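Containing compact mmCIF, C-alpha atoms: final-v1.txt.
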# COMPACT_ATOMS: atom_id res chain seq x y z
CA MET A 1 43.43 -132.33 -24.25
CA ARG A 2 42.65 -130.19 -27.27
CA SER A 3 39.29 -128.40 -26.97
CA ILE A 4 37.05 -127.04 -29.69
CA ALA A 5 38.96 -123.75 -29.32
CA LEU A 6 41.99 -125.33 -30.96
CA ALA A 7 39.98 -126.92 -33.76
CA ALA A 8 38.35 -123.58 -34.50
CA LEU A 9 41.70 -122.07 -35.36
CA ALA A 10 41.51 -123.69 -38.78
CA LEU A 11 38.26 -121.88 -39.53
CA ILE A 12 38.71 -118.33 -38.27
CA THR A 13 41.39 -115.69 -38.35
CA LEU A 14 42.78 -114.43 -35.06
CA SER A 15 45.13 -111.51 -34.65
CA SER A 16 48.52 -112.36 -33.22
CA CYS A 17 49.96 -110.58 -30.22
CA SER A 18 51.66 -107.33 -31.17
CA SER A 19 55.39 -106.96 -30.79
CA SER A 20 56.49 -104.68 -27.98
CA LYS A 21 59.39 -102.24 -28.06
CA SER A 22 62.60 -104.26 -27.85
CA ASP A 23 64.40 -101.34 -26.20
CA ASP A 24 61.88 -101.04 -23.35
CA THR A 25 63.27 -102.62 -20.20
CA ASP A 26 59.76 -103.41 -19.00
CA ALA A 27 58.33 -104.79 -22.24
CA PHE A 28 59.87 -106.80 -25.07
CA ALA A 29 58.87 -109.42 -27.60
CA ARG A 30 61.76 -111.04 -29.42
CA SER A 31 63.51 -114.29 -30.29
CA VAL A 32 66.48 -115.01 -28.02
CA ASP A 33 69.49 -117.13 -28.97
CA ILE A 34 69.94 -120.16 -26.72
CA GLY A 35 73.01 -121.50 -28.46
CA GLY A 36 72.49 -121.81 -32.20
CA ARG A 37 68.71 -121.60 -32.21
CA ASN A 38 66.05 -119.11 -31.13
CA ILE A 39 63.16 -119.14 -28.68
CA TYR A 40 60.51 -116.43 -28.83
CA LEU A 41 59.89 -114.76 -25.49
CA THR A 42 57.66 -111.82 -24.60
CA CYS A 43 57.62 -110.02 -21.24
CA SER A 44 55.72 -107.01 -19.93
CA GLY A 45 54.93 -105.25 -16.67
CA SER A 46 57.19 -104.73 -13.70
CA ASN A 47 57.93 -106.29 -10.32
CA SER A 48 57.55 -104.47 -7.03
CA GLY A 49 58.35 -105.35 -3.47
CA GLY A 50 60.39 -108.41 -4.42
CA ALA A 51 57.43 -110.06 -6.15
CA PRO A 52 58.23 -112.99 -8.49
CA THR A 53 57.84 -112.87 -12.26
CA VAL A 54 54.78 -114.74 -13.56
CA LEU A 55 55.73 -117.22 -16.27
CA LEU A 56 52.92 -118.54 -18.50
CA VAL A 57 53.42 -122.05 -19.93
CA ALA A 58 50.95 -123.00 -22.66
CA GLY A 59 49.36 -126.38 -23.27
CA TYR A 60 50.14 -128.98 -25.92
CA HIS A 61 50.55 -127.45 -29.40
CA ASP A 62 49.77 -123.92 -28.16
CA SER A 63 52.09 -120.96 -28.68
CA SER A 64 52.18 -117.96 -26.34
CA ASP A 65 49.15 -116.65 -28.27
CA ALA A 66 47.00 -118.78 -25.95
CA TRP A 67 47.83 -116.23 -23.22
CA THR A 68 48.24 -113.00 -25.19
CA SER A 69 45.59 -112.99 -27.93
CA GLU A 70 42.54 -110.92 -27.09
CA ASP A 71 40.65 -112.33 -30.08
CA ALA A 72 41.03 -115.86 -28.72
CA LEU A 73 38.56 -114.97 -25.99
CA GLY A 74 35.84 -114.79 -28.63
CA LEU A 75 36.10 -118.54 -29.17
CA LEU A 76 34.40 -119.23 -25.87
CA ALA A 77 32.18 -116.18 -25.34
CA PRO A 78 31.06 -114.57 -23.15
CA ALA A 79 34.58 -114.24 -21.74
CA LYS A 80 35.50 -111.29 -19.56
CA GLY A 81 38.77 -109.90 -20.89
CA PRO A 82 41.48 -108.83 -21.10
CA ALA A 83 43.51 -111.93 -21.90
CA VAL A 84 45.62 -113.40 -19.10
CA PHE A 85 48.94 -111.89 -20.22
CA PRO A 86 47.84 -108.22 -20.44
CA ALA A 87 45.70 -108.62 -17.32
CA LEU A 88 48.65 -109.76 -15.24
CA ALA A 89 50.99 -107.18 -16.78
CA LYS A 90 48.96 -104.43 -15.09
CA SER A 91 50.40 -105.37 -11.70
CA HIS A 92 53.12 -107.97 -12.26
CA ARG A 93 56.11 -108.79 -14.42
CA VAL A 94 54.78 -111.49 -16.76
CA CYS A 95 56.39 -113.54 -19.54
CA ALA A 96 55.21 -116.09 -22.11
CA TYR A 97 57.03 -117.96 -24.87
CA ASP A 98 56.64 -120.14 -27.98
CA ARG A 99 57.81 -123.73 -27.77
CA PRO A 100 59.09 -124.90 -31.17
CA GLY A 101 56.39 -126.50 -33.30
CA THR A 102 53.46 -124.82 -31.57
CA ILE A 103 50.52 -123.13 -33.29
CA ARG A 104 49.99 -119.41 -33.86
CA TYR A 105 46.50 -118.03 -33.41
CA GLU A 106 46.26 -116.40 -36.80
CA GLY A 107 45.18 -117.36 -40.31
CA ASP A 108 44.74 -121.11 -40.58
CA GLY A 109 46.86 -121.83 -37.51
CA PRO A 110 50.45 -122.00 -38.85
CA LEU A 111 53.33 -123.29 -36.77
CA THR A 112 55.26 -120.53 -35.08
CA ASP A 113 58.23 -119.21 -37.05
CA ARG A 114 59.42 -117.20 -34.04
CA SER A 115 61.14 -120.20 -32.42
CA THR A 116 63.54 -122.42 -34.36
CA PRO A 117 62.16 -125.87 -35.25
CA VAL A 118 63.73 -128.82 -33.46
CA PRO A 119 63.57 -132.59 -33.98
CA GLN A 120 60.39 -134.11 -32.58
CA PRO A 121 59.32 -135.86 -30.38
CA ARG A 122 60.70 -134.37 -27.19
CA THR A 123 60.19 -134.86 -23.47
CA ALA A 124 59.23 -132.54 -20.62
CA ALA A 125 62.87 -132.53 -19.48
CA ASP A 126 63.95 -131.23 -22.91
CA ILE A 127 61.33 -128.48 -22.69
CA VAL A 128 62.30 -127.51 -19.13
CA ALA A 129 65.97 -127.20 -20.12
CA GLU A 130 64.99 -125.09 -23.14
CA LEU A 131 62.84 -122.72 -21.06
CA HIS A 132 65.60 -122.34 -18.47
CA ALA A 133 68.06 -121.47 -21.25
CA ALA A 134 65.68 -118.93 -22.80
CA LEU A 135 65.12 -117.13 -19.49
CA ALA A 136 68.86 -116.99 -18.89
CA ALA A 137 69.61 -115.74 -22.41
CA ALA A 138 66.97 -113.02 -22.12
CA GLU A 139 68.21 -112.12 -18.63
CA VAL A 140 64.81 -112.58 -17.02
CA PRO A 141 65.75 -113.12 -13.38
CA GLY A 142 63.81 -115.29 -10.97
CA PRO A 143 62.12 -116.11 -8.80
CA TYR A 144 59.08 -117.21 -10.81
CA VAL A 145 55.47 -118.17 -10.28
CA LEU A 146 54.59 -120.61 -13.04
CA VAL A 147 51.10 -120.76 -14.56
CA GLY A 148 50.76 -123.93 -16.61
CA HIS A 149 47.79 -124.98 -18.72
CA SER A 150 47.23 -128.66 -19.62
CA LEU A 151 50.61 -130.12 -20.64
CA GLY A 152 52.09 -126.82 -19.48
CA GLY A 153 51.16 -127.79 -15.92
CA LEU A 154 53.20 -130.99 -16.16
CA ILE A 155 56.11 -128.95 -17.56
CA SER A 156 55.72 -126.38 -14.77
CA LEU A 157 55.80 -129.11 -12.13
CA LEU A 158 59.00 -130.57 -13.55
CA TYR A 159 60.53 -127.08 -13.79
CA GLY A 160 59.76 -126.50 -10.11
CA LYS A 161 61.31 -129.84 -9.17
CA THR A 162 64.37 -129.26 -11.36
CA TYR A 163 65.03 -125.64 -10.37
CA PRO A 164 63.45 -125.36 -6.91
CA ASP A 165 65.55 -122.32 -5.99
CA GLN A 166 63.93 -120.35 -8.85
CA VAL A 167 60.24 -121.21 -8.33
CA ARG A 168 58.06 -119.67 -5.61
CA GLY A 169 54.65 -120.97 -6.66
CA ILE A 170 52.62 -122.76 -9.35
CA VAL A 171 49.11 -122.36 -10.75
CA PHE A 172 47.83 -125.51 -12.46
CA VAL A 173 45.18 -124.63 -15.07
CA ASP A 174 43.30 -127.86 -15.81
CA SER A 175 46.71 -129.50 -16.01
CA LEU A 176 47.72 -132.97 -17.12
CA SER A 177 48.40 -134.86 -13.90
CA PRO A 178 51.26 -137.38 -13.72
CA THR A 179 48.84 -139.77 -12.01
CA LEU A 180 46.28 -139.77 -14.85
CA PRO A 181 47.54 -143.07 -16.36
CA GLU A 182 46.87 -144.95 -13.13
CA THR A 183 43.66 -143.04 -12.38
CA ILE A 184 42.11 -143.74 -15.78
CA GLY A 185 43.49 -147.28 -16.07
CA ALA A 186 46.05 -148.79 -18.43
CA ALA A 187 43.67 -149.65 -21.28
CA ALA A 188 41.88 -146.31 -21.35
CA TRP A 189 45.17 -144.43 -20.96
CA ALA A 190 46.62 -146.19 -24.02
CA ILE A 191 43.59 -145.11 -26.08
CA TYR A 192 43.71 -141.53 -24.81
CA ARG A 193 47.46 -141.25 -25.34
CA ASP A 194 47.68 -142.88 -28.76
CA GLN A 195 44.45 -141.68 -30.38
CA LEU A 196 43.79 -138.27 -28.81
CA LEU A 197 47.09 -136.90 -27.48
CA ASN A 198 49.46 -138.41 -30.03
CA PRO A 199 47.52 -139.87 -32.95
CA PRO A 200 49.39 -140.80 -36.14
CA ILE A 201 50.63 -137.59 -37.70
CA GLU A 202 48.40 -137.96 -40.76
CA GLN A 203 45.36 -137.96 -38.44
CA MET A 204 46.19 -134.68 -36.71
CA PRO A 205 43.25 -132.23 -36.93
CA MET A 206 44.98 -129.27 -38.59
CA PRO A 207 47.24 -129.08 -41.67
CA SER A 208 50.10 -127.46 -39.78
CA MET A 209 50.01 -130.23 -37.18
CA LYS A 210 50.75 -132.80 -39.87
CA SER A 211 54.21 -131.27 -40.33
CA PRO A 212 57.21 -133.19 -38.93
CA ASN A 213 58.12 -129.92 -37.19
CA SER A 214 54.83 -129.87 -35.26
CA GLU A 215 55.19 -130.30 -31.51
CA ARG A 216 55.23 -133.93 -30.45
CA VAL A 217 55.86 -134.92 -26.83
CA ASP A 218 56.60 -138.38 -25.45
CA ILE A 219 53.97 -138.29 -22.73
CA ASP A 220 54.93 -141.50 -20.93
CA ALA A 221 58.60 -140.54 -20.77
CA SER A 222 57.66 -137.06 -19.56
CA ILE A 223 55.45 -138.42 -16.78
CA ALA A 224 58.24 -140.78 -15.74
CA GLN A 225 60.63 -137.81 -15.54
CA VAL A 226 58.23 -135.93 -13.27
CA GLN A 227 57.75 -138.94 -11.02
CA ALA A 228 61.50 -139.59 -10.78
CA ALA A 229 62.37 -135.97 -9.97
CA PRO A 230 62.86 -134.78 -6.36
CA ALA A 231 59.80 -133.71 -4.42
CA LEU A 232 58.54 -130.20 -5.02
CA PRO A 233 59.51 -127.95 -2.08
CA THR A 234 56.67 -126.49 -0.07
CA MET A 235 55.36 -123.42 -1.89
CA PRO A 236 52.02 -121.75 -2.66
CA VAL A 237 50.01 -123.73 -5.21
CA ALA A 238 46.55 -123.28 -6.74
CA VAL A 239 44.62 -125.77 -8.86
CA MET A 240 42.00 -124.79 -11.44
CA THR A 241 39.70 -127.47 -12.84
CA LYS A 242 37.09 -127.34 -15.59
CA THR A 243 33.51 -128.47 -15.01
CA GLU A 244 32.51 -129.08 -18.63
CA PRO A 245 33.50 -132.16 -20.67
CA PHE A 246 36.40 -132.15 -23.08
CA ALA A 247 35.21 -130.79 -26.41
CA VAL A 248 35.81 -133.98 -28.41
CA ALA A 249 33.12 -134.68 -30.99
CA THR A 250 33.68 -138.43 -31.10
CA LEU A 251 35.73 -140.49 -28.68
CA PRO A 252 37.59 -143.61 -29.84
CA SER A 253 36.06 -146.97 -29.09
CA GLY A 254 36.91 -148.11 -25.58
CA LEU A 255 36.94 -144.62 -24.04
CA THR A 256 33.80 -142.94 -22.73
CA THR A 257 33.18 -139.29 -21.95
CA GLU A 258 32.38 -140.20 -18.35
CA THR A 259 35.61 -142.17 -17.88
CA LEU A 260 37.80 -139.49 -19.44
CA ASN A 261 36.34 -136.52 -17.59
CA GLN A 262 35.92 -138.15 -14.20
CA SER A 263 39.44 -139.61 -14.29
CA TYR A 264 40.99 -136.34 -15.43
CA GLN A 265 39.26 -134.45 -12.63
CA LYS A 266 40.14 -137.07 -10.00
CA ALA A 267 43.80 -136.91 -11.01
CA GLN A 268 43.82 -133.18 -10.15
CA ASP A 269 43.97 -134.26 -6.50
CA THR A 270 47.67 -134.95 -7.07
CA PHE A 271 48.29 -131.22 -7.58
CA VAL A 272 46.13 -130.27 -4.59
CA ALA A 273 48.22 -132.56 -2.39
CA LEU A 274 51.46 -130.77 -3.30
CA ALA A 275 51.07 -128.07 -0.65
CA PRO A 276 48.99 -127.42 2.48
CA ARG A 277 45.93 -125.18 2.06
CA THR A 278 46.01 -125.45 -1.72
CA PRO A 279 42.97 -123.70 -3.22
CA HIS A 280 41.12 -125.99 -5.62
CA ILE A 281 39.03 -123.76 -7.89
CA PHE A 282 36.34 -125.26 -10.11
CA ALA A 283 35.79 -122.98 -13.10
CA THR A 284 32.05 -123.49 -13.44
CA GLY A 285 30.96 -123.53 -17.07
CA SER A 286 34.48 -123.74 -18.48
CA ASP A 287 35.87 -126.51 -20.60
CA HIS A 288 39.58 -127.31 -20.82
CA TYR A 289 40.59 -123.81 -21.98
CA ILE A 290 39.75 -121.91 -18.79
CA GLN A 291 42.07 -119.07 -19.88
CA PHE A 292 39.72 -118.42 -22.83
CA SER A 293 36.35 -118.64 -21.11
CA GLN A 294 37.38 -117.13 -17.76
CA PRO A 295 40.70 -115.27 -18.19
CA ASP A 296 39.81 -112.99 -15.28
CA LEU A 297 39.59 -116.01 -12.96
CA VAL A 298 42.98 -117.30 -14.12
CA ALA A 299 44.55 -113.87 -13.57
CA GLN A 300 42.99 -113.56 -10.12
CA THR A 301 44.25 -117.02 -9.15
CA ALA A 302 47.76 -116.09 -10.28
CA ASP A 303 47.43 -112.90 -8.23
CA LEU A 304 46.64 -114.99 -5.16
CA VAL A 305 49.65 -117.26 -5.60
CA VAL A 306 51.99 -114.31 -6.26
CA GLU A 307 50.73 -112.61 -3.09
CA ARG A 308 51.26 -115.74 -1.03
CA ALA A 309 54.69 -116.28 -2.59
CA THR A 310 55.70 -112.68 -1.88
CA ASN A 311 54.40 -112.50 1.69
Please re-express this file's structure in structure tokens.
Amino acid sequence: MRSIALAALALITLSSCSSSKSDDTDAFARSVDIGGRNIYLTCSGSNSGGAPTVLLVAGYHDSSDAWTSEDALGLLAPAKGPAVFPALAKSHRVCAYDRPGTIRYEGDGPLTDRSTPVPQPRTAADIVAELHAALAAAEVPGPYVLVGHSLGGLISLLYGKTYPDQVRGIVFVDSLSPTLPETIGAAAWAIYRDQLLNPPIEQMPMPSMKSPNSERVDIDASIAQVQAAPALPTMPVAVMTKTEPFAVATLPSGLTTETLNQSYQKAQDTFVALAPRTPHIFATGSDHYIQFSQPDLVAQTADLVVERATN
């Protein structure tokens, strides 16, 4: 699930998102107390006509910088900016946050110090409860349209199932489907899970990811939580899928590029089936990080779902 964009963080310096005025009711960037620990949350823009707030949920190991950093677009040029967060803030209320243990897009990719470290590993249910607490502590009222990339899509789906009264729509950005284990097959799933998603900590690709504080998610338990949760209520949904292979230099023995990419794409059908008339958008030329290579397309897709959720 980690593309070459993430690996490149160890080699180049990216500017972090700038902190907004904390006293501006429309824009803030601060750590909020959720009961003895802090979660970093940044929001900008304003709602109109009862429109929902757009909530950006990053993928595995990614901080909110994956949505806010303009320099990140240079990793997969020629991207048409601005980044997703500032693009959406022009016409919507939009928020993003740092999960504990995720990576900042600056320097050599340090772990975020804006959210308090927590014991790892965790599950999607832990993350959903944490996000709900952060939104409440920061007094960011719903309803929300969730935009989830990769693991963030699985988290967004569980959030919608757990708090259905707060969610009006979801955009899945090349998201991890809960049906991938059965689509790819038990043997290939075990290889993908244990050698690519959650390899031994000493084999993680970046120094900061070798820390015990680095984000670690129990993927099987998280998928089980999603499958056991109530059905998602009918709401506007959009699915975005890459067309290019995962940027993995060498796959482990027993897992082929064809198997991984075809199975991952096939499993996206699960998200399409969540709601009638779900747009399934293939981001031609993009790899897993569609928000880097085509941030304008991600923003436009979020616009569509917000419009459908509002009207």
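Excluding range 178-182 of chain A itself and any same-chain residue fewer than 6 positions from it, the protein and nucleic acid residues within 9 Å of it, counting all atoms listed in the file, are Leu154, Ala188, Trp189, Ala190, Asp220, Ser222, Ile223, Ala224, Val226, Gln227, Ser263, Tyr264, Lys266, Ala267, Gln268 and Thr270 of chain A.
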Give me the residues within 10 Å of Glu307 in chain A as a ChimeraX atom specification, counting all atoms listed in the file and dropping any in the same chain fewer than 3 places off.
/A:51-52,169,236,301-304,310-311
Would you write out, as a Markdown table, a table of all residues in range 170-211 of chain A that have an atom no more than 12 Å from an atom of range 158-162 of chain A, listing for each the closest atom pair and the distance in Å to one decimal, considering all atoms listed in the file and ordering rows by chain and rising residue number?
| residue | atom | partner | partner_atom | distance |
| --- | --- | --- | --- | --- |
| A:Ile170 | CA | A:Gly160 | CA | 8.1 |
| A:Val171 | CA | A:Gly160 | CA | 11.4 |
| A:Ser177 | CA | A:Leu158 | CA | 11.4 |
| A:Pro178 | CA | A:Leu158 | CA | 10.3 |
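Residues in contact with Ala187 in chain A at up to 12 Å, not including ones fewer than 4 positions away on its chain and judged by only C-alpha atoms, are Pro181, Glu182, Thr183, Ile191, Tyr192, Arg193, Asp194, Ser253, Gly254, Leu255, Thr259 and Leu260 of chain A.
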I'd like the contact shell of range 290-297 of chain A - 10 Å cut-off, all atoms listed in the file, skipping same-chain residues fewer than 6 positions apart - returned as number ranges by chain.
A: 5, 66-67, 69-85, 87-88, 149, 173-174, 240-243, 281-284, 303
Using all atoms listed in the file, find the one residue out of A:Val217, A:Leu157, A:Ala249, A:Ala129 that sits nearest to Thr102 in chain A.
A:Val217
Centre and edge lengths of an axis-aligned box around all listed atoms of range 264-283 of chain A, with 4 Å added on each side, are to be given in Å to one decimal, as AutoDock Vina command-line options.
--center_x 43.6 --center_y -130.0 --center_z -6.5 --size_x 23.7 --size_y 22.1 --size_z 25.9
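By chain and then residue number, the residues within 9 Å of Thr234 in chain A are A:Arg168, A:Gly169, A:Leu274, A:Ala275, A:Pro276, counting only C-alpha atoms and disregarding those fewer than 4 positions away in sequence.
Closest approach to Ala299 in chain A among A:Glu139, A:Leu151, A:Ala238, A:Phe28 is made by A:Ala238 (distances from all atoms listed in the file).
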Pick from A:Ala186, A:Ala221, A:Ala27, A:Val57: nearest to Arg122 in chain A, with all atoms listed in the file counted?
A:Ala221
Pick from A:Glu106, A:Asp269, A:Asp62, A:Glu258 nearest to Ser150 in chain A, counting only C-alpha atoms:
A:Asp62
